[in-house]
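Structure record follows, encoded as structure tokens.
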Amino acid sequence: MRLSYFLIPMSHKLTVDLGDRSYPIYMGPGLLGRLGELCKGLGRAETCLLISDKNVDRLHGEAAAMSLEKAGFSVLRAAVPAGETSKGHDQLCALYEQAVEHRLDRSALIVALGGGVVGDLAGYMAATYLRGLRFVQAPTSLLAMVDSSVGGKTGINLPQGKNLVGAFHQPSLVLADTDTLKTLPKREYLSGLAEVVKYGIIRDAEFFQWLENQGVSLRDPAGGGVEELVARCCAIKAEVVGLDERESGLRAILNFGHTMGHAIEKVGGYGAWLHGEAVALGMAYAVRLSQTVRGFPADEAERAMTLMQELDLPVKRPAYDWPELRKAMAVDKKSSSSIPRFVLADRIGAVTVGCEVSEEKLEAVWNGMKS
Ligand code: GLY
């Protein structure tokens, strides 16, 4: 079923349809104040572990904790250092220790308040501690709202690569308070727009056109279009996850731009690029690759590049060594053996997964990108 929105109310609710594991996504301004009431509606839990990072905790931790306490929860708070390095074994073990120390039992609820790092880490802790606790995603970054908080992918990084350890563990509820985007550093907000553009290219030409019509106004989270933007992305993500929860086919379309994107993040040492920025560069590469091997029309390729540039997303090839990038792509977990497989566009709104491309073309398209 395709979902189309012409008018989105300020606050919106969608369902991720997974049978008895279905869950709602609430999106809109001011929702953090309803976190406690909505968590209470899940039943059973009296204690919750509110996991955040130090930046988000400082900005929104108190409001979230107060809402939970007002609803009758006993709240334990944990704040990990901000940044990708927290998504590893050390912070995971620290969270386990805190949970054991406070005798958290299986009835406890974990609440992930933050961006993708917090959501993935807290979600993986919830998937594994005492063989699984229920958890709630309360994303505070654009990237987490439109992508990582929905769909149940949780995990941590290994020194050899990102997300190499993880589990599918669906949240019981997603609550995206779009007011939190106003306190997000501008660069982080803009980088989240990469995943937004991705949805248009992979699944919804009409949404892509809506993004083009909104144009530069989307650069501002207070600009008015953000509620509809989050709702439309979540509708696409919910539809895809509902059809293919475990990524046995369709869900792989969400990896558009990610094969090269992950390689760019790795070669950059996980510090040079935010995830969304690396995905934008990966999408620019995938767009050019799609023209070469899938006959993606040139005018549509230019529309994709123009939109990304309007949204201040990077599209120019960084000066990285091809052999190093190629090696980084080989250890991407979505590759079978060392052959990278790409999601490539046939037209705006339709992609093909599992595309293998000759070594010569992979390198020539990279070298052909504007630097
Ligand atoms: N972020 C890709 C997925 O959830 O499948």
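Going through the structure tokens in order, the chains are called A, B, and so on, while each chain numbers its residues from 1 and the ligands are numbered from 1 in the order shown.
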Closest-contact table, chain A side, partner ligand 1, 8 Å, counting only C-alpha atoms and all ligand atoms, as a Markdown table:
| residue | atom | partner | partner_atom_place_in_ligand_line | distance |
| --- | --- | --- | --- | --- |
| A:Asp147 | CA | ligand 1 | 1 (N) | 5.6 |
| A:Ser148 | CA | ligand 1 | 1 (N) | 5.5 |
| A:Val150 | CA | ligand 1 | 4 (O) | 6.9 |
| A:Gly151 | CA | ligand 1 | 4 (O) | 5.5 |
| A:Gly152 | CA | ligand 1 | 4 (O) | 7.3 |
| A:Lys153 | CA | ligand 1 | 4 (O) | 5.9 |
| A:Lys237 | CA | ligand 1 | 4 (O) | 7.8 |
| A:Val241 | CA | ligand 1 | 5 (O) | 7.6 |
| A:Glu247 | CA | ligand 1 | 5 (O) | 6.9 |
| A:Arg251 | CA | ligand 1 | 5 (O) | 5.7 |
| A:Ala252 | CA | ligand 1 | 5 (O) | 6.5 |
| A:Leu254 | CA | ligand 1 | 2 (C) | 5.1 |
| A:Asn255 | CA | ligand 1 | 2 (C) | 5.9 |
Residues just named, written with N, CA and C atoms as an mmCIF file, in the first residue's frame:
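Contents of out-v8.cif, as written:
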data_model
loop_
_atom_site.group_PDB
_atom_site.id
_atom_site.type_symbol
_atom_site.label_atom_id
_atom_site.label_comp_id
_atom_site.auth_asym_id
_atom_site.auth_seq_id
_atom_site.Cartn_x
_atom_site.Cartn_y
_atom_site.Cartn_z
ATOM 1 N N ASP A 147 14.927 7.845 9.897
ATOM 2 C CA ASP A 147 15.508 6.561 9.502
ATOM 3 C C ASP A 147 15.752 5.619 10.673
ATOM 4 N N SER A 148 16.791 5.918 11.487
ATOM 5 C CA SER A 148 17.277 4.859 12.389
ATOM 6 C C SER A 148 16.343 4.497 13.532
ATOM 7 N N VAL A 150 13.194 3.986 13.353
ATOM 8 C CA VAL A 150 12.079 3.159 12.859
ATOM 9 C C VAL A 150 12.648 1.901 12.193
ATOM 10 N N GLY A 151 12.139 0.746 12.557
ATOM 11 C CA GLY A 151 12.522 -0.461 11.814
ATOM 12 C C GLY A 151 13.280 -1.511 12.586
ATOM 13 N N GLY A 152 13.727 -1.168 13.808
ATOM 14 C CA GLY A 152 14.268 -2.210 14.684
ATOM 15 C C GLY A 152 15.704 -2.630 14.443
ATOM 16 N N LYS A 153 16.466 -1.900 13.628
ATOM 17 C CA LYS A 153 17.888 -2.241 13.518
ATOM 18 C C LYS A 153 18.611 -1.619 14.705
ATOM 19 N N LYS A 237 9.296 4.653 5.303
ATOM 20 C CA LYS A 237 10.092 3.675 6.056
ATOM 21 C C LYS A 237 9.183 2.616 6.669
ATOM 22 N N VAL A 241 9.514 -1.377 5.946
ATOM 23 C CA VAL A 241 9.796 -2.303 7.053
ATOM 24 C C VAL A 241 8.632 -3.287 7.225
ATOM 25 N N GLU A 247 15.071 -7.511 5.969
ATOM 26 C CA GLU A 247 15.895 -7.183 4.795
ATOM 27 C C GLU A 247 16.227 -8.410 3.954
ATOM 28 N N ARG A 251 13.745 -4.221 1.662
ATOM 29 C CA ARG A 251 14.331 -3.266 2.620
ATOM 30 C C ARG A 251 15.714 -2.786 2.190
ATOM 31 N N ALA A 252 16.390 -3.614 1.394
ATOM 32 C CA ALA A 252 17.733 -3.221 0.931
ATOM 33 C C ALA A 252 17.713 -1.916 0.134
ATOM 34 N N LEU A 254 16.756 0.757 1.099
ATOM 35 C CA LEU A 254 17.116 1.834 2.034
ATOM 36 C C LEU A 254 18.628 2.064 2.073
ATOM 37 N N ASN A 255 19.375 1.144 1.464
ATOM 38 C CA ASN A 255 20.835 1.274 1.478
ATOM 39 C C ASN A 255 21.358 2.077 0.285
#
Residues within 9 Å of stretch 313-328 of chain A, please, as a compact mmCIF listing (two decimals) with N, CA and C atoms, in the first residue's frame. Count only C-alpha atoms; anything in the same chain fewer than 3 positions from it doesn't count.
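Full text of around32.txt as output:
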# COMPACT_ATOMS: atom_id res chain seq x y z
N GLY A 161 34.63 -2.22 11.44
CA GLY A 161 33.57 -1.61 10.64
C GLY A 161 32.35 -1.27 11.46
N LEU A 190 21.28 19.43 8.70
CA LEU A 190 21.39 19.37 7.23
C LEU A 190 21.80 17.98 6.76
N SER A 191 22.70 17.35 7.52
CA SER A 191 23.16 16.02 7.08
C SER A 191 22.01 15.02 7.07
N LEU A 193 19.16 15.54 5.99
CA LEU A 193 18.37 15.70 4.76
C LEU A 193 18.81 14.72 3.67
N ALA A 194 20.01 14.14 3.82
CA ALA A 194 20.46 13.14 2.84
C ALA A 194 19.50 11.95 2.82
N MET A 260 29.02 3.18 -0.91
CA MET A 260 30.13 4.14 -0.98
C MET A 260 30.13 5.03 0.26
N HIS A 262 29.45 4.36 3.40
CA HIS A 262 30.17 3.72 4.51
C HIS A 262 31.68 3.72 4.25
N ALA A 263 32.06 3.50 2.99
CA ALA A 263 33.50 3.47 2.65
C ALA A 263 34.11 4.86 2.89
N ILE A 264 33.37 5.91 2.52
CA ILE A 264 33.87 7.28 2.71
C ILE A 264 34.02 7.59 4.21
N LYS A 266 34.62 5.45 6.54
CA LYS A 266 35.75 4.67 7.06
C LYS A 266 37.08 5.30 6.64
N VAL A 267 37.21 5.63 5.36
CA VAL A 267 38.48 6.21 4.89
C VAL A 267 38.71 7.57 5.55
N GLY A 268 37.65 8.28 5.83
CA GLY A 268 37.77 9.57 6.52
C GLY A 268 38.04 9.43 8.01
N GLY A 276 25.22 11.30 7.49
CA GLY A 276 24.36 11.81 6.40
C GLY A 276 25.18 12.44 5.28
N GLU A 277 26.25 13.13 5.64
CA GLU A 277 27.11 13.74 4.61
C GLU A 277 27.76 12.66 3.75
N ALA A 278 28.24 11.60 4.42
CA ALA A 278 28.86 10.50 3.67
C ALA A 278 27.82 9.82 2.78
N ALA A 280 25.26 11.34 1.43
CA ALA A 280 25.04 12.25 0.30
C ALA A 280 26.11 12.03 -0.77
N LEU A 281 27.37 11.92 -0.34
CA LEU A 281 28.45 11.67 -1.30
C LEU A 281 28.24 10.30 -1.97
N GLY A 282 27.83 9.33 -1.16
CA GLY A 282 27.55 7.99 -1.70
C GLY A 282 26.39 8.01 -2.69
N MET A 283 25.40 8.86 -2.43
CA MET A 283 24.27 8.96 -3.37
C MET A 283 24.70 9.64 -4.65
N ALA A 284 25.56 10.66 -4.52
CA ALA A 284 26.07 11.32 -5.74
C ALA A 284 26.80 10.30 -6.61
N TYR A 285 27.57 9.44 -5.97
CA TYR A 285 28.28 8.37 -6.70
C TYR A 285 27.27 7.39 -7.30
N MET A 305 21.06 15.71 -8.24
CA MET A 305 22.26 16.45 -7.81
C MET A 305 21.88 17.88 -7.40
N LEU A 307 18.98 19.00 -6.25
CA LEU A 307 18.27 19.02 -4.97
C LEU A 307 19.26 18.86 -3.81
N MET A 308 20.19 17.93 -3.95
CA MET A 308 21.16 17.74 -2.86
C MET A 308 21.96 19.03 -2.62
N GLN A 309 22.34 19.69 -3.71
CA GLN A 309 23.11 20.93 -3.55
C GLN A 309 22.26 22.03 -2.90
N GLU A 310 21.00 22.10 -3.32
CA GLU A 310 20.10 23.11 -2.70
C GLU A 310 19.96 22.89 -1.21
N VAL A 331 34.69 -4.56 2.78
CA VAL A 331 34.33 -5.10 4.09
C VAL A 331 32.97 -4.58 4.57
N ASP A 332 32.26 -3.89 3.68
CA ASP A 332 30.90 -3.48 4.04
C ASP A 332 30.08 -4.75 4.26
N SER A 338 33.86 -10.22 -1.48
CA SER A 338 34.42 -8.87 -1.52
C SER A 338 33.81 -8.06 -2.66
N PRO A 340 31.23 -5.63 -4.00
CA PRO A 340 30.18 -4.75 -3.49
C PRO A 340 28.94 -4.81 -4.37
N LEU A 362 33.43 0.99 -11.77
CA LEU A 362 33.42 1.53 -10.40
C LEU A 362 34.45 2.66 -10.27
N GLU A 363 35.64 2.39 -10.79
CA GLU A 363 36.71 3.37 -10.65
C GLU A 363 36.50 4.57 -11.60
N TRP A 366 33.90 6.99 -10.25
CA TRP A 366 34.45 7.78 -9.13
C TRP A 366 35.33 8.90 -9.66
N ASN A 367 36.25 8.52 -10.57
CA ASN A 367 37.18 9.53 -11.10
C ASN A 367 36.47 10.58 -11.95
N MET A 369 33.59 11.92 -11.23
CA MET A 369 32.79 12.86 -10.43
C MET A 369 33.53 14.17 -10.25
N LYS A 370 32.76 15.26 -10.17
CA LYS A 370 33.39 16.58 -9.93
C LYS A 370 34.07 16.57 -8.58
N SER A 371 35.28 17.19 -8.51
CA SER A 371 35.98 17.21 -7.22
C SER A 371 36.03 18.63 -6.69
Legend entry - Nearby residues (only C-alpha atoms) at most 12 Å from stretch 216-227 of chain A, same-chain spacing under 5 positions excluded, as number ranges by chain: A: 5, 7-13, 26-30, 141-142, 145-146, 176-194, 196-197, 210-211, 232-234, 306-313
Legend entry - Proximity to A:Ala235 - best of A:Asp204, A:Lys87, A:Thr154, A:Ala144, only C-alpha atoms: A:Asp204
Legend entry - DSSP alpha helix (DSSP H) residues within stretch 175-353 of chain A, listed as a PyMOL selection string: chain A and resi 186-203+205-214+226-243+258-267+275-294+298-310+322-330
Inset, instruction - Just the residues within 7 Å of stretch 287-291 of chain A, please, counting only C-alpha atoms, with nothing from its chain fewer than 4 positions along; format it as a PyMOL selection string. - result: chain A and resi 283+295-298+301+344-346+365
Legend entry - Coordinates-based distance that separates atom CA of A:Ser86 from atom CA of A:Asn55 (Å, one decimal): 12.9 Å
Legend entry - Pick from A:Val293, A:Val16, A:Leu49, A:Ile202 nearest to A:Tyr96, counting only C-alpha atoms: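 Looking only at the distances to A:Tyr96, the closest residue turns out to be A:Leu49.
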Legend entry - strand (DSSP E) call set, DSSP backbone run, stretch 40-220 of chain A, as number ranges by chain: A: 47-53, 74-80, 109-114, 134-139, 153-158, 161-168, 173-177
Inset, instruction - Using atom CA of A:Pro171 and atom CA of A:Gly132 as the two end points, give the distance in Å to one decimal. - result: 11.1 Å
Inset, instruction - For A:Gly242, list every protein, DNA or RNA residue within 10 Å, evaluated using only C-alpha atoms, and leave out those in the same chain fewer than 3 positions away; present the list as a ChimeraX atom specification. - result: /A:15-19,22,151,236-239,245-246,251
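Straight-line separation from atom CA of A:Ala364 to atom CA of A:Arg203: 27.5 Å.
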Legend entry - Given only C-alpha atoms as the counted atoms, nearest of A:Ala78, A:Ile348, A:Val111, A:Leu243 to A:Phe208: A:Ile348
